[in-house]
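J.: My structure is stored as query_37.cif, with mmCIF, C-alpha atoms.
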data_work
loop_
_atom_site.label_atom_id
_atom_site.label_comp_id
_atom_site.auth_asym_id
_atom_site.auth_seq_id
_atom_site.Cartn_x
_atom_site.Cartn_y
_atom_site.Cartn_z
CA MET A 1 -33.36 -40.71 4.82
CA SER A 2 -33.17 -37.07 5.89
CA LYS A 3 -30.40 -35.63 8.03
CA GLY A 4 -31.31 -35.19 11.70
CA LEU A 5 -32.05 -31.85 13.30
CA SER A 6 -29.16 -30.32 15.21
CA ILE A 7 -29.57 -29.01 18.76
CA LYS A 8 -28.74 -25.54 17.42
CA GLU A 9 -31.58 -25.75 14.86
CA ALA A 10 -34.00 -27.18 17.44
CA LEU A 11 -33.19 -24.41 19.93
CA LYS A 12 -33.72 -21.77 17.25
CA LEU A 13 -37.19 -23.22 16.57
CA TRP A 14 -37.85 -23.38 20.33
CA GLU A 15 -36.91 -19.69 20.70
CA GLU A 16 -39.21 -18.70 17.82
CA LYS A 17 -42.09 -20.63 19.37
CA ASN A 18 -41.52 -19.44 22.95
CA GLY A 19 -40.34 -15.88 22.26
CA THR A 20 -37.52 -16.11 24.80
CA PRO A 21 -33.80 -16.87 24.54
CA ALA A 22 -33.09 -20.55 25.24
CA ALA A 23 -30.00 -19.56 27.25
CA GLU A 24 -32.29 -17.90 29.84
CA ALA A 25 -34.88 -20.69 30.11
CA THR A 26 -35.03 -23.07 33.08
CA VAL A 27 -37.12 -25.66 31.20
CA ILE A 28 -36.33 -26.71 27.61
CA LYS A 29 -38.45 -29.34 25.88
CA LEU A 30 -37.25 -30.55 22.49
CA LEU A 31 -39.57 -33.55 22.18
CA MET A 32 -40.43 -35.33 18.92
CA GLN A 33 -38.54 -32.95 16.70
CA GLN A 34 -39.05 -33.37 12.97
CA PRO A 35 -36.67 -34.45 11.67
CA PHE A 36 -35.47 -36.14 14.87
CA ILE A 37 -32.49 -34.87 16.83
CA THR A 38 -29.77 -37.48 16.42
CA LYS A 39 -26.92 -36.02 18.49
CA MET A 40 -26.50 -34.12 21.74
CA ASP A 41 -24.08 -31.54 20.36
CA SER A 42 -22.05 -28.83 22.12
CA THR A 43 -24.81 -26.23 21.63
CA LEU A 44 -26.38 -27.74 24.77
CA GLN A 45 -23.62 -26.07 26.77
CA THR A 46 -25.23 -22.68 26.09
CA LEU A 47 -28.18 -23.64 28.31
CA GLN A 48 -26.60 -22.37 31.53
CA CYS A 49 -29.97 -21.64 33.25
CA CYS A 50 -31.64 -24.89 32.23
CA GLU A 51 -32.71 -27.13 35.12
CA GLN A 52 -35.01 -29.46 33.16
CA LEU A 53 -33.99 -30.66 29.71
CA SER A 54 -36.21 -32.96 27.70
CA LEU A 55 -34.92 -34.58 24.53
CA SER A 56 -37.39 -37.47 24.56
CA THR A 57 -38.74 -39.15 21.45
CA ASN A 58 -35.85 -38.39 19.16
CA ASN A 59 -33.11 -40.57 17.66
CA ILE A 60 -30.25 -39.90 20.10
CA GLU A 61 -27.72 -42.72 20.56
CA LYS A 62 -25.27 -41.17 23.04
CA ILE A 63 -25.50 -38.94 26.12
CA SER A 64 -22.96 -36.14 25.70
CA ASN A 65 -22.12 -32.43 25.88
CA LEU A 66 -23.72 -31.67 29.25
CA ASN A 67 -20.63 -29.84 30.57
CA GLY A 68 -21.40 -26.67 32.48
CA LEU A 69 -25.10 -27.44 32.86
CA LYS A 70 -26.87 -27.52 36.21
CA LEU A 71 -29.64 -29.93 35.28
CA ARG A 72 -31.95 -31.30 37.94
CA VAL A 73 -34.09 -33.30 35.46
CA LEU A 74 -32.88 -34.95 32.26
CA SER A 75 -35.47 -36.66 30.09
CA LEU A 76 -34.14 -38.92 27.32
CA GLY A 77 -36.97 -41.45 26.97
CA ARG A 78 -37.75 -43.02 23.60
CA ASN A 79 -34.34 -42.68 21.98
CA ASN A 80 -31.68 -45.23 20.95
CA ILE A 81 -29.34 -44.91 23.92
CA LYS A 82 -27.40 -48.11 24.63
CA LYS A 83 -25.33 -47.13 27.65
CA ILE A 84 -25.09 -44.60 30.44
CA GLU A 85 -22.27 -42.16 29.84
CA GLY A 86 -21.61 -38.45 30.04
CA LEU A 87 -23.59 -37.94 33.25
CA ASP A 88 -20.49 -37.04 35.26
CA ALA A 89 -20.89 -33.51 33.82
CA VAL A 90 -24.21 -33.08 35.69
CA ALA A 91 -23.55 -35.47 38.59
CA GLU A 92 -23.52 -32.69 41.19
CA THR A 93 -27.05 -31.47 40.36
CA LEU A 94 -29.00 -34.28 38.62
CA GLU A 95 -31.97 -35.46 40.71
CA GLU A 96 -34.13 -37.16 38.07
CA LEU A 97 -33.21 -39.24 35.02
CA TRP A 98 -36.05 -40.29 32.74
CA ILE A 99 -34.61 -42.80 30.28
CA SER A 100 -37.39 -45.32 29.56
CA TYR A 101 -37.79 -46.94 26.13
CA ASN A 102 -34.11 -47.11 25.20
CA LEU A 103 -31.68 -50.00 24.60
CA ILE A 104 -29.79 -50.01 27.93
CA GLU A 105 -28.65 -53.37 29.38
CA LYS A 106 -26.51 -52.01 32.24
CA PHE A 107 -26.75 -48.81 34.22
CA ASN A 108 -23.00 -48.67 34.91
CA GLY A 109 -22.00 -45.01 34.65
CA ILE A 110 -24.88 -43.72 36.76
CA GLU A 111 -22.93 -44.13 40.04
CA CYS A 112 -21.56 -40.59 39.83
CA CYS A 113 -25.05 -39.10 40.30
CA LYS A 114 -25.13 -39.17 44.12
CA LYS A 115 -28.10 -36.75 44.29
CA LEU A 116 -30.26 -38.84 41.94
CA LYS A 117 -33.70 -39.40 43.52
CA VAL A 118 -35.74 -40.61 40.55
CA LEU A 119 -34.79 -43.12 37.85
CA TYR A 120 -37.47 -43.92 35.29
CA ALA A 121 -35.92 -46.67 33.16
CA SER A 122 -38.80 -48.91 32.09
CA ASN A 123 -38.75 -50.82 28.82
CA ASN A 124 -35.01 -51.07 28.39
CA LYS A 125 -32.91 -54.24 27.93
CA VAL A 126 -31.82 -55.01 31.53
CA LYS A 127 -31.64 -58.82 31.67
CA ALA A 128 -29.73 -59.48 34.91
CA TRP A 129 -29.28 -58.04 38.40
CA GLU A 130 -25.71 -57.11 37.40
CA GLY A 131 -27.23 -54.51 35.08
CA ILE A 132 -28.59 -52.52 38.01
CA THR A 133 -26.18 -53.42 40.84
CA CYS A 134 -24.67 -49.93 40.59
CA LEU A 135 -27.95 -48.46 41.91
CA THR A 136 -26.85 -49.46 45.43
CA SER A 137 -24.29 -46.64 45.30
CA LEU A 138 -26.98 -43.96 44.89
CA PRO A 139 -27.85 -42.91 48.47
CA ALA A 140 -30.67 -40.48 47.53
CA LEU A 141 -32.45 -42.84 45.10
CA GLU A 142 -36.10 -43.16 46.17
CA ASP A 143 -38.27 -43.75 43.10
CA VAL A 144 -37.35 -46.40 40.49
CA LEU A 145 -39.33 -47.54 37.47
CA LEU A 146 -37.97 -50.70 35.81
CA SER A 147 -41.12 -52.40 34.51
CA GLY A 148 -40.86 -53.81 31.00
CA ASN A 149 -37.21 -54.83 31.35
CA PRO A 150 -36.48 -58.55 30.80
CA LEU A 151 -35.20 -58.85 34.42
CA GLU A 152 -38.40 -57.38 35.86
CA GLU A 153 -40.64 -59.47 33.60
CA LYS A 154 -38.78 -62.70 34.49
CA CYS A 155 -38.79 -62.01 38.25
CA THR A 156 -42.42 -60.84 38.24
CA ALA A 157 -43.42 -64.08 36.49
CA GLU A 158 -41.56 -65.96 39.24
CA GLY A 159 -43.24 -63.83 41.91
CA THR A 160 -39.92 -62.54 43.28
CA TRP A 161 -39.44 -59.07 41.75
CA ARG A 162 -40.56 -56.71 44.53
CA ASP A 163 -39.09 -58.80 47.37
CA GLU A 164 -35.72 -59.25 45.68
CA PHE A 165 -35.50 -55.60 44.65
CA THR A 166 -36.42 -54.22 48.08
CA LYS A 167 -33.79 -56.45 49.77
CA LYS A 168 -31.05 -55.26 47.43
CA TYR A 169 -31.98 -51.57 47.23
CA THR A 170 -32.89 -50.56 50.77
CA GLN A 171 -32.90 -46.82 50.05
CA VAL A 172 -35.69 -47.04 47.43
CA LYS A 173 -39.19 -46.06 48.63
CA LYS A 174 -41.17 -46.54 45.43
CA LEU A 175 -40.82 -49.26 42.78
CA ASP A 176 -42.69 -49.35 39.47
CA GLY A 177 -45.19 -46.74 40.67
CA LYS A 178 -46.04 -48.47 43.98
CA PRO A 179 -44.76 -47.50 47.44
CA ILE A 180 -42.47 -49.97 49.19
CA ILE A 181 -43.59 -50.70 52.74
CA ARG A 182 -40.88 -52.21 54.90
CA GLU A 183 -41.53 -53.73 58.32
CA GLU A 184 -38.88 -51.62 60.09
CA GLU A 185 -40.52 -48.40 58.75
CA GLU A 186 -43.85 -49.39 60.26
CA GLY A 187 -42.18 -49.72 63.68
CA GLU A 188 -40.36 -46.37 63.33
CA GLU A 189 -43.57 -44.47 62.63
CA GLU A 190 -45.07 -45.64 65.95
CA SER A 191 -42.16 -44.39 68.06
#
So, in terms of structure tokens, how does the structure I just supplied come out?

T.:
Amino acid sequence: MSKGLSIKEALKLWEEKNGTPAAEATVIKLLMQQPFITKMDSTLQTLQCCEQLSLSTNNIEKISNLNGLKLRVLSLGRNNIKKIEGLDAVAETLEELWISYNLIEKFNGIECCKKLKVLYASNNKVKAWEGITCLTSLPALEDVLLSGNPLEEKCTAEGTWRDEFTKKYTQVKKLDGKPIIREEEEGEEES
């Protein structure tokens, strides 16, 4: 098996393709690199202007080396990430985390991201409510995608998913791509 591509090598290829220094770019997409990126190394810290970083469809196992970045959007879908960690480095700015198709059972570690509005985390390994309890501590969270997780599949089969979720996570306005309509909101709009 071949050695993975480093972030430094991927950024060099990105610069050649885009004709601009990566350190000055606000959007960096390093999707489906060949060979795959396997590690978020310290070269990421050179991306001081980057607001949207996409490392989706690689072979990354651990979130790391985001110190000094001011990311608003972090896309890590289709990797091999097992747990949420390393987000404290971007907690003050991160508004969207796209992390579907990974191996995450519990979202503990996401609580630091108080500005997080969007969490796309479908097709992970969340089996129990305890795996997402921490989402209650995210006051700005509005849009959540959890379809394809064992918990969602089990509760949907029982016919309880949307009702249970909306009771527990009162700040969320959209679940699995569909708006959440609450009775109290209907009354507020009339006044």

J.: Would you write out, as a PyMOL selection string, every residue that the PyMOL selection byres ((chain A and resi 128) around 9) captures in this file?

T.: chain A and resi 105-106+126-127+129-132+150-152

J.: May I have the protein, DNA and RNA residues with any atom at most 12 Å from the point (-25.1, -26.9, 26.0), counting only C-alpha atoms, written as a VMD selection string?

T.: chain A and resid 7 to 8 11 22 to 23 28 39 to 51 53 64 to 71 89 to 90

J.: Would you mind reading off the distance between atom CA of Glu142 of chain A and atom CA of Asn58 of chain A, one decimal, in Å?

T.: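 One can read the atom CA of Glu142 of chain A to atom CA of Asn58 of chain A distance as 27.4 Å.
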
J.: Find, counting all atoms listed in the file, the residue in A:Asn59, A:Asn108, A:Ser100, A:Ser122 that gets nearest to Glu85 of chain A.

T.: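 Closest to Glu85 of chain A, using all atoms listed in the file: A:Asn108.
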
J.: Using all atoms of segment 7-14 of chain A that appear in the file, construct an axis-aligned enclosing box with 8 Å of padding on every side and provide its centre coordinates and edge lengths in Å, rounded to one decimal, as lines of an AutoDock Vina configuration file.

T.:
center_x = -33.3
center_y = -25.4
center_z = 17.6
size_x = 25.1
size_y = 23.2
size_z = 21.5

J.: In Å, rounded to a single decimal, give me how far atom CA of Cys155 of chain A is from atom CA of Lys168 of chain A.

T.: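 Distance reported for this atom pair: 13.8 Å.
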
J.: Give the answer as one residue: which of A:Ser137, A:Thr156, A:Ser75, A:Ser147 has the shortest atom-to-atom distance to Thr170 of chain A, using only C-alpha atoms?

T.: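 Residue with the minimum atom-to-atom distance to Thr170 of chain A: A:Ser137.
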
J.: Determine the residue membership of the PyMOL selection byres ((chain A and resi 165) around 12) for the file above and supply it as an NGL selection string.

T.: :A and (128-129 or 132-133 or 135-136 or 144-146 or 151-152 or 155-156 or 159-164 or 166-176 or 180)

J.: Mind writing segment 122-138 of chain A to a file for me, with N, CA, C and O atoms, as a PDB file, in the first residue's frame?

T.:
ATOM      1  N   SER A 122     -24.521  12.513   9.066  1.00  0.00           N
ATOM      2  CA  SER A 122     -25.248  11.302   8.678  1.00  0.00           C
ATOM      3  C   SER A 122     -24.280  10.135   8.512  1.00  0.00           C
ATOM      4  O   SER A 122     -23.077  10.327   8.369  1.00  0.00           O
ATOM      5  N   ASN A 123     -24.830   8.942   8.554  1.00  0.00           N
ATOM      6  CA  ASN A 123     -24.064   7.730   8.277  1.00  0.00           C
ATOM      7  C   ASN A 123     -22.795   7.602   9.105  1.00  0.00           C
ATOM      8  O   ASN A 123     -21.716   7.354   8.588  1.00  0.00           O
ATOM      9  N   ASN A 124     -22.963   7.792  10.413  1.00  0.00           N
ATOM     10  CA  ASN A 124     -21.903   7.520  11.367  1.00  0.00           C
ATOM     11  C   ASN A 124     -22.338   6.309  12.189  1.00  0.00           C
ATOM     12  O   ASN A 124     -23.142   5.513  11.711  1.00  0.00           O
ATOM     13  N   LYS A 125     -21.873   6.168  13.402  1.00  0.00           N
ATOM     14  CA  LYS A 125     -22.146   4.977  14.223  1.00  0.00           C
ATOM     15  C   LYS A 125     -22.895   5.307  15.512  1.00  0.00           C
ATOM     16  O   LYS A 125     -22.825   4.548  16.476  1.00  0.00           O
ATOM     17  N   VAL A 126     -23.620   6.441  15.555  1.00  0.00           N
ATOM     18  CA  VAL A 126     -24.342   6.834  16.769  1.00  0.00           C
ATOM     19  C   VAL A 126     -25.471   5.844  17.023  1.00  0.00           C
ATOM     20  O   VAL A 126     -26.396   5.731  16.219  1.00  0.00           O
ATOM     21  N   LYS A 127     -25.371   5.129  18.164  1.00  0.00           N
ATOM     22  CA  LYS A 127     -26.336   4.073  18.486  1.00  0.00           C
ATOM     23  C   LYS A 127     -27.338   4.485  19.552  1.00  0.00           C
ATOM     24  O   LYS A 127     -28.403   3.888  19.658  1.00  0.00           O
ATOM     25  N   ALA A 128     -26.966   5.474  20.393  1.00  0.00           N
ATOM     26  CA  ALA A 128     -27.805   5.832  21.541  1.00  0.00           C
ATOM     27  C   ALA A 128     -27.882   7.344  21.690  1.00  0.00           C
ATOM     28  O   ALA A 128     -26.998   8.070  21.224  1.00  0.00           O
ATOM     29  N   TRP A 129     -28.933   7.798  22.378  1.00  0.00           N
ATOM     30  CA  TRP A 129     -29.111   9.231  22.622  1.00  0.00           C
ATOM     31  C   TRP A 129     -27.902   9.822  23.321  1.00  0.00           C
ATOM     32  O   TRP A 129     -27.552  10.987  23.081  1.00  0.00           O
ATOM     33  N   GLU A 130     -27.230   9.043  24.178  1.00  0.00           N
ATOM     34  CA  GLU A 130     -26.048   9.530  24.890  1.00  0.00           C
ATOM     35  C   GLU A 130     -24.962  10.012  23.914  1.00  0.00           C
ATOM     36  O   GLU A 130     -24.161  10.854  24.253  1.00  0.00           O
ATOM     37  N   GLY A 131     -24.959   9.475  22.722  1.00  0.00           N
ATOM     38  CA  GLY A 131     -23.963   9.864  21.727  1.00  0.00           C
ATOM     39  C   GLY A 131     -24.139  11.275  21.195  1.00  0.00           C
ATOM     40  O   GLY A 131     -23.199  11.851  20.656  1.00  0.00           O
ATOM     41  N   ILE A 132     -25.349  11.820  21.369  1.00  0.00           N
ATOM     42  CA  ILE A 132     -25.591  13.180  20.867  1.00  0.00           C
ATOM     43  C   ILE A 132     -26.120  14.122  21.944  1.00  0.00           C
ATOM     44  O   ILE A 132     -26.466  15.270  21.650  1.00  0.00           O
ATOM     45  N   THR A 133     -26.149  13.685  23.194  1.00  0.00           N
ATOM     46  CA  THR A 133     -26.633  14.528  24.292  1.00  0.00           C
ATOM     47  C   THR A 133     -25.912  15.865  24.327  1.00  0.00           C
ATOM     48  O   THR A 133     -26.517  16.899  24.608  1.00  0.00           O
ATOM     49  N   CYS A 134     -24.640  15.875  24.024  1.00  0.00           N
ATOM     50  CA  CYS A 134     -23.831  17.095  24.075  1.00  0.00           C
ATOM     51  C   CYS A 134     -24.348  18.190  23.128  1.00  0.00           C
ATOM     52  O   CYS A 134     -24.029  19.364  23.299  1.00  0.00           O
ATOM     53  N   LEU A 135     -25.170  17.838  22.145  1.00  0.00           N
ATOM     54  CA  LEU A 135     -25.689  18.837  21.218  1.00  0.00           C
ATOM     55  C   LEU A 135     -26.586  19.859  21.917  1.00  0.00           C
ATOM     56  O   LEU A 135     -26.781  20.966  21.416  1.00  0.00           O
ATOM     57  N   THR A 136     -27.109  19.511  23.091  1.00  0.00           N
ATOM     58  CA  THR A 136     -27.956  20.461  23.830  1.00  0.00           C
ATOM     59  C   THR A 136     -27.158  21.681  24.279  1.00  0.00           C
ATOM     60  O   THR A 136     -27.729  22.727  24.538  1.00  0.00           O
ATOM     61  N   SER A 137     -25.847  21.568  24.359  1.00  0.00           N
ATOM     62  CA  SER A 137     -25.011  22.686  24.815  1.00  0.00           C
ATOM     63  C   SER A 137     -24.543  23.581  23.674  1.00  0.00           C
ATOM     64  O   SER A 137     -23.659  24.405  23.861  1.00  0.00           O
ATOM     65  N   LEU A 138     -25.137  23.417  22.494  1.00  0.00           N
ATOM     66  CA  LEU A 138     -24.777  24.245  21.339  1.00  0.00           C
ATOM     67  C   LEU A 138     -25.934  25.197  21.027  1.00  0.00           C
ATOM     68  O   LEU A 138     -26.848  24.855  20.280  1.00  0.00           O
TER      69      LEU A 138
END
